[in-house]
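J.: As input, take model-v9.txt (compact mmCIF, C-alpha atoms (C1' of nucleotides)):
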```txt
# COMPACT_ATOMS: atom_id res chain seq x y z
CA MET A 31 -38.86 -147.60 53.33
CA ARG A 32 -38.71 -143.89 52.71
CA ILE A 33 -36.77 -141.31 54.57
CA GLY A 34 -39.59 -140.34 56.88
CA GLU A 35 -40.03 -143.82 58.18
CA LEU A 36 -36.34 -144.38 58.65
CA SER A 37 -36.13 -141.06 60.38
CA GLU A 38 -38.88 -141.94 62.75
CA CYS A 39 -37.78 -145.41 63.61
CA THR A 40 -34.21 -144.38 64.26
CA GLY A 41 -35.01 -141.07 65.88
CA THR A 42 -32.79 -139.32 63.40
CA PRO A 43 -33.69 -136.10 61.61
CA ARG A 44 -34.14 -136.48 57.88
CA ARG A 45 -31.52 -133.85 57.43
CA LEU A 46 -28.96 -136.11 59.03
CA LEU A 47 -29.90 -139.13 57.01
CA ARG A 48 -29.24 -137.11 53.89
CA TYR A 49 -26.05 -135.85 55.39
CA TYR A 50 -24.83 -139.34 56.18
CA GLU A 51 -25.54 -140.32 52.64
CA GLU A 52 -23.65 -137.32 51.37
CA GLN A 53 -20.73 -138.39 53.51
CA GLY A 54 -20.88 -141.86 52.07
CA LEU A 55 -21.98 -143.59 55.22
CA LEU A 56 -25.36 -144.64 54.00
CA VAL A 57 -26.61 -145.78 50.64
CA ALA A 58 -30.17 -145.73 49.40
CA ASP A 59 -31.62 -146.58 46.05
CA ARG A 60 -34.05 -144.25 44.49
CA SER A 61 -37.64 -144.80 43.56
CA PRO A 62 -38.61 -143.72 40.05
CA ASN A 63 -39.79 -140.45 41.50
CA GLY A 64 -36.44 -139.74 43.03
CA TYR A 65 -37.37 -140.56 46.61
CA ARG A 66 -34.81 -142.41 48.64
CA ASP A 67 -35.66 -146.01 49.26
CA TYR A 68 -34.04 -147.60 52.25
CA ASP A 69 -33.46 -151.21 52.96
CA GLU A 70 -34.31 -152.70 56.37
CA ARG A 71 -30.72 -153.00 57.37
CA CYS A 72 -30.32 -149.29 57.23
CA VAL A 73 -32.03 -149.03 60.56
CA ASP A 74 -29.22 -150.78 62.34
CA ARG A 75 -26.67 -149.05 60.26
CA VAL A 76 -28.00 -145.65 61.15
CA LEU A 77 -28.03 -146.52 64.81
CA GLN A 78 -24.50 -147.73 64.49
CA ILE A 79 -23.43 -144.54 62.82
CA ARG A 80 -25.04 -142.41 65.45
CA GLY A 81 -23.49 -144.44 68.22
CA LEU A 82 -20.05 -144.04 66.77
CA LEU A 83 -20.51 -140.34 66.17
CA GLU A 84 -21.70 -139.98 69.75
CA SER A 85 -18.57 -141.74 70.80
CA GLY A 86 -16.33 -139.27 69.15
CA LEU A 87 -15.51 -140.84 65.81
CA SER A 88 -15.65 -138.65 62.76
CA THR A 89 -17.72 -139.41 59.72
CA ARG A 90 -14.51 -139.87 57.78
CA ILE A 91 -13.33 -142.60 60.06
CA ILE A 92 -16.72 -144.20 60.29
CA LYS A 93 -16.82 -144.30 56.55
CA GLN A 94 -13.56 -146.16 56.52
CA ILE A 95 -14.69 -148.60 59.14
CA LEU A 96 -18.20 -149.42 58.05
CA PRO A 97 -17.61 -150.74 54.55
CA CYS A 98 -15.20 -153.33 55.81
CA LEU A 99 -17.76 -154.68 58.18
CA GLY A 100 -20.86 -153.81 56.34
CA GLY A 101 -22.46 -156.80 54.76
CA ARG A 102 -22.68 -160.43 55.64
CA LEU A 103 -19.52 -161.10 53.74
CA ILE A 104 -16.11 -159.86 54.47
CA HIS A 105 -14.01 -158.72 51.67
CA VAL A 106 -10.73 -159.94 52.93
CA THR A 107 -8.97 -159.22 49.73
CA GLY A 108 -10.13 -155.68 49.39
CA ALA A 109 -8.11 -154.40 52.28
CA SER A 110 -4.97 -152.46 51.53
CA ASP A 111 -2.16 -152.24 54.01
CA GLU A 112 -3.17 -148.72 54.62
CA THR A 113 -6.72 -149.59 55.41
CA ILE A 114 -5.53 -152.21 57.81
CA ALA A 115 -3.26 -149.76 59.52
CA THR A 116 -6.12 -147.34 59.88
CA LEU A 117 -8.32 -150.02 61.33
CA GLU A 118 -5.69 -151.02 63.83
CA ARG A 119 -5.11 -147.45 64.84
CA GLU A 120 -8.78 -146.83 65.20
CA ARG A 121 -9.32 -150.02 67.15
CA ASP A 122 -6.67 -148.88 69.59
CA ARG A 123 -8.21 -145.48 69.95
CA MET A 124 -11.52 -147.14 70.62
CA ARG A 125 -9.93 -149.21 73.35
CA GLN A 126 -8.61 -146.07 74.96
CA ARG A 127 -11.98 -144.45 74.78
CA ILE A 128 -13.57 -147.48 76.30
CA GLU A 129 -11.10 -147.46 79.15
CA CYS A 130 -11.59 -143.80 79.80
CA LEU A 131 -15.34 -144.06 79.70
CA THR A 132 -15.37 -147.14 81.85
CA ARG A 133 -13.30 -145.55 84.54
CA SER A 134 -15.34 -142.39 84.53
CA GLN A 135 -18.56 -144.28 84.48
CA GLU A 136 -17.45 -146.34 87.45
CA ALA A 137 -16.39 -143.23 89.27
CA ILE A 138 -19.75 -141.64 88.69
CA SER A 139 -21.53 -144.76 89.79
CA GLY A 140 -19.46 -144.86 92.93
CA TYR A 141 -20.24 -141.28 93.65
CA LEU A 142 -23.93 -141.75 93.08
CA ASP A 143 -23.95 -144.78 95.33
CA ALA A 144 -22.27 -142.78 98.03
CA VAL A 145 -24.73 -139.95 97.71
CA LEU A 146 -27.71 -142.23 97.82
CA ARG A 147 -26.33 -144.10 100.79
CA HIS A 148 -25.94 -140.78 102.49
CA ARG A 149 -29.45 -139.62 101.70
CA ARG A 150 -31.21 -142.75 102.83
CA PRO A 151 -28.78 -143.64 105.57
CA ALA A 152 -29.93 -147.24 105.61
CA ALA A 153 -26.44 -148.51 106.23
CA GLY A 154 -25.50 -145.57 108.42
CA ARG A 155 -22.48 -143.43 107.91
CA ALA A 156 -21.41 -139.99 108.98
CA ALA A 157 -22.96 -137.10 107.14
CA GLY A 158 -21.35 -134.37 105.15
CA THR A 159 -18.13 -135.06 103.41
CA ILE A 160 -16.74 -138.52 103.44
CA ALA A 161 -13.22 -139.53 102.67
CA GLU A 162 -11.73 -142.72 101.39
CA PRO A 163 -12.28 -144.52 99.19
CA SER A 164 -11.42 -141.78 96.79
CA TYR A 165 -13.72 -141.56 93.85
CA ASP A 166 -10.99 -139.93 91.97
CA LEU A 167 -10.91 -139.56 88.27
CA ALA A 168 -7.28 -138.71 88.30
CA ALA A 169 -5.50 -141.88 87.29
CA THR A 170 -7.34 -142.28 84.09
CA ALA A 171 -5.94 -140.66 80.99
CA MET B 161 4.67 -126.12 86.67
CA ARG B 162 3.98 -123.60 83.97
CA ILE B 163 1.85 -123.96 80.92
CA GLY B 164 4.67 -124.99 78.63
CA GLU B 165 5.61 -127.93 80.75
CA LEU B 166 2.07 -129.08 81.24
CA SER B 167 1.52 -128.73 77.53
CA GLU B 168 4.50 -130.84 76.74
CA CYS B 169 3.91 -133.58 79.23
CA THR B 170 0.29 -133.99 78.30
CA GLY B 171 0.75 -133.44 74.60
CA THR B 172 -1.83 -130.69 74.69
CA PRO B 173 -1.48 -127.35 72.93
CA ARG B 174 -1.21 -124.41 75.30
CA ARG B 175 -4.16 -122.93 73.56
CA LEU B 176 -6.30 -125.81 74.74
CA LEU B 177 -5.10 -125.66 78.30
CA ARG B 178 -6.21 -122.06 78.40
CA TYR B 179 -9.44 -123.00 76.77
CA TYR B 180 -10.13 -125.70 79.32
CA GLU B 181 -9.51 -123.19 82.04
CA GLU B 182 -11.84 -120.73 80.41
CA GLN B 183 -14.46 -123.47 80.35
CA GLY B 184 -13.94 -124.12 84.03
CA LEU B 185 -12.43 -127.56 83.64
CA LEU B 186 -9.02 -126.70 84.91
CA VAL B 187 -7.82 -124.39 87.62
CA ALA B 188 -4.37 -122.91 87.96
CA ASP B 189 -3.03 -120.43 90.44
CA ARG B 190 -1.05 -117.56 89.18
CA SER B 191 2.52 -116.65 89.89
CA PRO B 192 3.12 -113.03 90.85
CA ASN B 193 3.92 -112.32 87.23
CA GLY B 194 0.59 -113.63 86.08
CA TYR B 195 1.84 -116.91 84.68
CA ARG B 196 -0.32 -119.92 85.28
CA ASP B 197 1.07 -122.28 87.86
CA TYR B 198 -0.15 -125.83 87.63
CA ASP B 199 -0.20 -128.45 90.27
CA GLU B 200 1.03 -131.98 89.55
CA ARG B 201 -2.44 -133.42 89.55
CA CYS B 202 -3.32 -131.31 86.57
CA VAL B 203 -1.48 -133.73 84.37
CA ASP B 204 -3.93 -136.49 85.07
CA ARG B 205 -6.80 -134.13 85.00
CA VAL B 206 -5.88 -132.87 81.57
CA LEU B 207 -5.54 -136.38 80.27
CA GLN B 208 -8.91 -137.17 81.74
CA ILE B 209 -10.46 -134.18 80.11
CA ARG B 210 -9.02 -135.03 76.75
CA GLY B 211 -10.14 -138.60 77.06
CA LEU B 212 -13.68 -137.57 77.76
CA LEU B 213 -13.72 -135.01 74.98
CA GLU B 214 -12.39 -137.67 72.63
CA SER B 215 -15.23 -139.85 73.76
CA GLY B 216 -17.84 -137.39 72.79
CA LEU B 217 -18.63 -135.53 75.99
CA SER B 218 -18.92 -131.78 75.84
CA THR B 219 -16.92 -129.45 78.00
CA ARG B 220 -20.14 -128.44 79.70
CA ILE B 221 -20.86 -131.97 80.78
CA ILE B 222 -17.29 -132.66 81.73
CA LYS B 223 -17.37 -129.60 83.89
CA GLN B 224 -20.36 -130.97 85.68
CA ILE B 225 -18.81 -134.35 86.14
CA LEU B 226 -15.29 -133.51 87.16
CA PRO B 227 -15.88 -131.44 90.27
CA CYS B 228 -17.91 -134.19 91.86
CA LEU B 229 -15.10 -136.63 91.38
CA GLY B 230 -12.20 -134.32 91.41
CA GLY B 231 -10.45 -134.33 94.74
CA ARG B 232 -9.77 -136.93 97.31
CA LEU B 233 -12.93 -136.04 99.17
CA ILE B 234 -16.45 -136.39 98.06
CA HIS B 235 -18.79 -133.60 98.73
CA VAL B 236 -21.83 -135.69 99.32
CA THR B 237 -23.82 -132.79 100.59
CA GLY B 238 -23.12 -130.46 97.73
CA ALA B 239 -25.14 -132.38 95.21
CA SER B 240 -28.52 -131.05 94.21
CA ASP B 241 -31.20 -133.31 92.85
CA GLU B 242 -30.59 -131.81 89.51
CA THR B 243 -26.92 -132.56 89.57
CA ILE B 244 -27.67 -136.11 90.50
CA ALA B 245 -30.12 -136.46 87.68
CA THR B 246 -27.53 -135.14 85.28
CA LEU B 247 -24.96 -137.55 86.56
CA GLU B 248 -27.32 -140.48 86.21
CA ARG B 249 -28.24 -139.46 82.72
CA GLU B 250 -24.64 -139.02 81.77
CA ARG B 251 -23.62 -142.29 83.32
CA ASP B 252 -26.23 -144.03 81.20
CA ARG B 253 -25.07 -142.35 78.06
CA MET B 254 -21.56 -143.42 78.88
CA ARG B 255 -22.74 -146.98 79.22
CA GLN B 256 -24.31 -146.80 75.80
CA ARG B 257 -21.16 -145.41 74.32
CA ILE B 258 -19.15 -148.12 75.93
CA GLU B 259 -21.42 -150.77 74.49
CA CYS B 260 -21.31 -149.29 71.05
CA LEU B 261 -17.56 -148.91 71.10
CA THR B 262 -17.06 -152.36 72.49
CA ARG B 263 -19.11 -153.98 69.81
CA SER B 264 -17.44 -152.03 67.06
CA GLN B 265 -14.05 -152.65 68.46
CA GLU B 266 -14.73 -156.36 68.61
CA ALA B 267 -16.01 -156.32 65.08
CA ILE B 268 -12.89 -154.60 63.88
CA SER B 269 -10.72 -157.00 65.78
CA GLY B 270 -12.57 -159.91 64.26
CA TYR B 271 -12.15 -158.47 60.84
CA LEU B 272 -8.47 -157.85 61.32
CA ASP B 273 -7.97 -161.35 62.60
CA ALA B 274 -9.70 -162.72 59.54
CA VAL B 275 -7.58 -160.63 57.24
CA LEU B 276 -4.37 -161.63 58.89
CA ARG B 277 -5.36 -165.26 58.93
CA HIS B 278 -5.98 -164.94 55.24
CA ARG B 279 -2.68 -163.26 54.54
CA ARG B 280 -0.56 -165.71 56.41
CA PRO B 281 -2.68 -168.75 55.76
CA ALA B 282 -1.20 -170.64 58.67
CA ALA B 283 -4.51 -172.23 59.51
CA GLY B 284 -5.57 -172.57 55.91
CA ARG B 285 -8.78 -171.25 54.51
CA ALA B 286 -10.08 -170.38 51.11
CA ALA B 287 -8.93 -167.13 49.66
CA GLY B 288 -10.91 -164.16 48.53
CA THR B 289 -14.15 -163.46 50.23
CA ILE B 290 -15.17 -165.46 53.22
CA ALA B 291 -18.60 -165.80 54.64
CA GLU B 292 -19.86 -166.67 58.04
CA PRO B 293 -19.30 -165.79 60.79
CA SER B 294 -20.57 -162.38 59.95
CA TYR B 295 -18.47 -159.62 61.36
CA ASP B 296 -21.42 -157.40 61.09
CA LEU B 297 -21.71 -154.13 62.83
CA ALA B 298 -25.42 -154.07 62.37
CA ALA B 299 -26.92 -155.14 65.66
CA THR B 300 -25.29 -152.48 67.67
CA ALA B 301 -27.11 -149.20 68.20
C1' DT C 263 -59.21 -130.60 42.20
C1' DC C 264 -57.54 -128.99 46.28
C1' DG C 265 -54.81 -129.49 50.43
C1' DA C 266 -51.95 -132.00 53.41
C1' DA C 267 -48.16 -134.61 53.94
C1' DC C 268 -44.38 -136.25 52.07
C1' DC C 269 -40.19 -135.92 49.20
C1' DC C 270 -36.38 -133.35 46.65
C1' DT C 271 -32.13 -129.97 46.36
C1' DC C 272 -29.71 -125.96 47.75
C1' DA C 273 -27.86 -122.98 50.89
C1' DC C 274 -27.10 -120.28 54.67
C1' DA C 275 -26.64 -120.39 59.93
C1' DT C 276 -24.97 -122.15 64.44
C1' DA C 277 -22.11 -124.19 67.99
C1' DG C 278 -18.25 -126.38 69.92
C1' DG C 279 -13.42 -127.65 69.82
C1' DT C 280 -9.33 -126.16 67.84
C1' DG C 281 -5.67 -123.47 64.81
C1' DT C 282 -3.34 -119.36 64.44
C1' DG C 283 -1.64 -114.85 64.80
C1' DA C 284 -1.21 -110.05 66.63
C1' DA C 285 0.34 -107.07 70.17
C1' DT C 286 2.45 -107.17 74.42
C1' DG C 287 4.85 -108.47 79.04
C1' DT C 288 8.56 -111.18 81.73
C1' DC C 289 12.81 -113.32 82.51
C1' DA C 290 17.31 -115.59 81.92
C1' DA C 291 21.59 -115.46 79.36
C1' DG C 292 25.02 -113.35 76.34
C1' DC D 18 20.84 -103.70 77.05
C1' DT D 19 19.36 -106.77 74.00
C1' DT D 20 17.83 -111.07 72.32
C1' DG D 21 15.15 -115.20 72.51
C1' DA D 22 12.13 -118.18 74.82
C1' DC D 23 8.17 -118.21 77.14
C1' DA D 24 4.13 -116.07 79.02
C1' DT D 25 -0.19 -113.07 78.62
C1' DT D 26 -4.88 -111.59 76.34
C1' DC D 27 -7.78 -110.90 72.41
C1' DA D 28 -9.82 -112.10 68.28
C1' DC D 29 -10.65 -113.92 63.96
C1' DA D 30 -10.92 -118.37 61.23
C1' DC D 31 -11.79 -123.28 60.48
C1' DC D 32 -14.04 -127.78 60.43
C1' DT D 33 -17.66 -130.74 61.35
C1' DA D 34 -22.15 -132.08 62.75
C1' DT D 35 -26.46 -130.17 62.91
C1' DG D 36 -30.63 -126.70 62.51
C1' DT D 37 -33.58 -124.43 59.47
C1' DG D 38 -35.86 -122.58 55.67
C1' DA D 39 -36.78 -121.49 50.78
C1' DG D 40 -38.54 -123.11 46.48
C1' DG D 41 -40.48 -126.79 44.27
C1' DG D 42 -42.11 -131.71 42.91
C1' DT D 43 -45.16 -136.16 44.10
C1' DT D 44 -48.82 -138.78 46.21
C1' DC D 45 -53.05 -139.42 48.23
C1' DG D 46 -57.34 -138.71 50.53
C1' DA D 47 -61.47 -135.41 50.97
```
So, in terms of structure tokens, how does the structure I just supplied come out?
T.:
Amino acid sequence: MRIGELSECTGTPRRLLRYYEEQGLLVADRSPNGYRDYDERCVDRVLQIRGLLESGLSTRIIKQILPCLGGRLIHVTGASDETIATLERERDRMRQRIECLTRSQEAISGYLDAVLRHRRPAAGRAAGTIAEPSYDLAATA
Amino acid sequence: MRIGELSECTGTPRRLLRYYEEQGLLVADRSPNGYRDYDERCVDRVLQIRGLLESGLSTRIIKQILPCLGGRLIHVTGASDETIATLERERDRMRQRIECLTRSQEAISGYLDAVLRHRRPAAGRAAGTIAEPSYDLAATA
DNA sequence: TCGAACCCTCACATAGGTGTGAATGTCAAG
DNA sequence: CTTGACATTCACACCTATGTGAGGGTTCGA
């Protein structure tokens, strides 16, 4: 699989695939002519990378996370204390992100529900501004 | 509450508080001397903002999301079709992020568990590299 | 054999969030 | 009155992820 195909089937610009490689997130062998040759599993890996980047992780962190979880085998031995600490820290940060996103997502959903209920007043309700329950993002962090 | 206090109790550089204000994410009245005067609820709001930024949302999007969910009251009427579409789109993206983070977080947790189990071989297991179950990040997107 | 479509590397440009500092104003305490 | 802590605005600089294009090779079908 060459870069064009991978690009197309992951919706990722070639430029970025090369960039991810440069950052050590993605590995490709090379055909005799120098073209990158990607393995099937790269598709998922690229999607994973993009998802994590979207979610606010840096390439540096992603690089540290991916190799530990990359293949079918886990290299239990190859994990220094420091790596483990990083993973734990990052796992916790991910939890926080998940919480924050979940709360916000629920708040948005609640708001959208309210708006739609108001527009098609199937289950009637007063118009204009409604109070209570408060779709408040406040207590989130 | 002035900027210094808010900065300290949210762990956010003053610079950023001003930046958030400039981006329309945060509002402060001004004391007669021109100093910003923050309301208690700003603390939560700032934490919310930071959480969302951490999670990959841009200030532009956050600005669009916050006002709809900001106060105790919902302005059901003040939502254009376009705003609603944006909110729906953003809610979906948040869901995706949550899924991606959740999977990765679980994978990391699984990996860490395996490592710790290996280090303190309480429930014995062979050393070195273990196979199966695969703590594989692949199928994530 | 030519052109189109693909690949390569290199390199400069952009945008958003953040760091940092200059030049200045305000206020409380010595 | 001065000093020090805190505030203000303005502006340049940085990093990272990404866009974009130049200059040039490879492959393949017309």
J.: With 10 Å as the limit and counting all atoms listed in the file, what residues in chain A lie close to chain C? Please list them as a list in words.
T.: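 Those within range of chain C come out as Arg32, Ile33, Gly34, Asn63, Gly64, Tyr65 and Arg66 of chain A.
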J.: Report the distance between atom CA of A:Ile79 and atom CA of B:Ser215 in Å, rounded to one decimal place.
T.: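 Between these atoms lies a distance of 14.5 Å.
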J.: Provide as an NGL selection string the residues of chain D at most 12 Å from chain A, counting all atoms listed in the file.
T.: :D and (32-37 or 42-44)
J.: With only C-alpha atoms (C1' of nucleotides) as the counted atoms, please give the residues lying no more than 8 Å from stretch 246-250 of chain B, apart from itself and same-chain residues fewer than 3 positions off, as JSON, numbers by chain.
T.: {"A": [138, 142], "B": [225, 242, 243, 253, 254]}
J.: Tell me which of A:Ser110, A:Glu35, A:Gly86, A:Glu136 sits closest to chain B, counting only C-alpha atoms.
T.: A:Gly86
J.: Go through A:Arg90, A:Arg147, A:Arg127, A:Arg133 and flag the residue nearest chain B, using all atoms listed in the file for the distances.
T.: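 Distance minimum relative to chain B lands on A:Arg127.
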J.: How many Å lie between atom CA of B:Arg251 and atom CA of A:Arg80, rounded to one decimal?
T.: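 Atom CA of A:Arg80 lies 17.9 Å from atom CA of B:Arg251.
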J.: What is the distance between atom CA of B:Ser269 and atom CA of A:Leu96, in Å to one decimal?
T.: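 About the pair atom CA of B:Ser269 and atom CA of A:Leu96: they are 13.2 Å apart.
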J.: Using all atoms listed in the file, pick whichever of B:Ile221, B:Gln208, B:Asp252, B:Leu276 has the shortest atom-to-atom distance to chain A.
T.: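 The closest residue to chain A is B:Gln208.
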J.: Given the choices B:Glu181, B:Glu214, B:Asp273, B:Asp189, which gets closest to A:Cys130 if the distance is worked out from only C-alpha atoms?
T.: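 Closest to A:Cys130, using only C-alpha atoms: B:Glu214.
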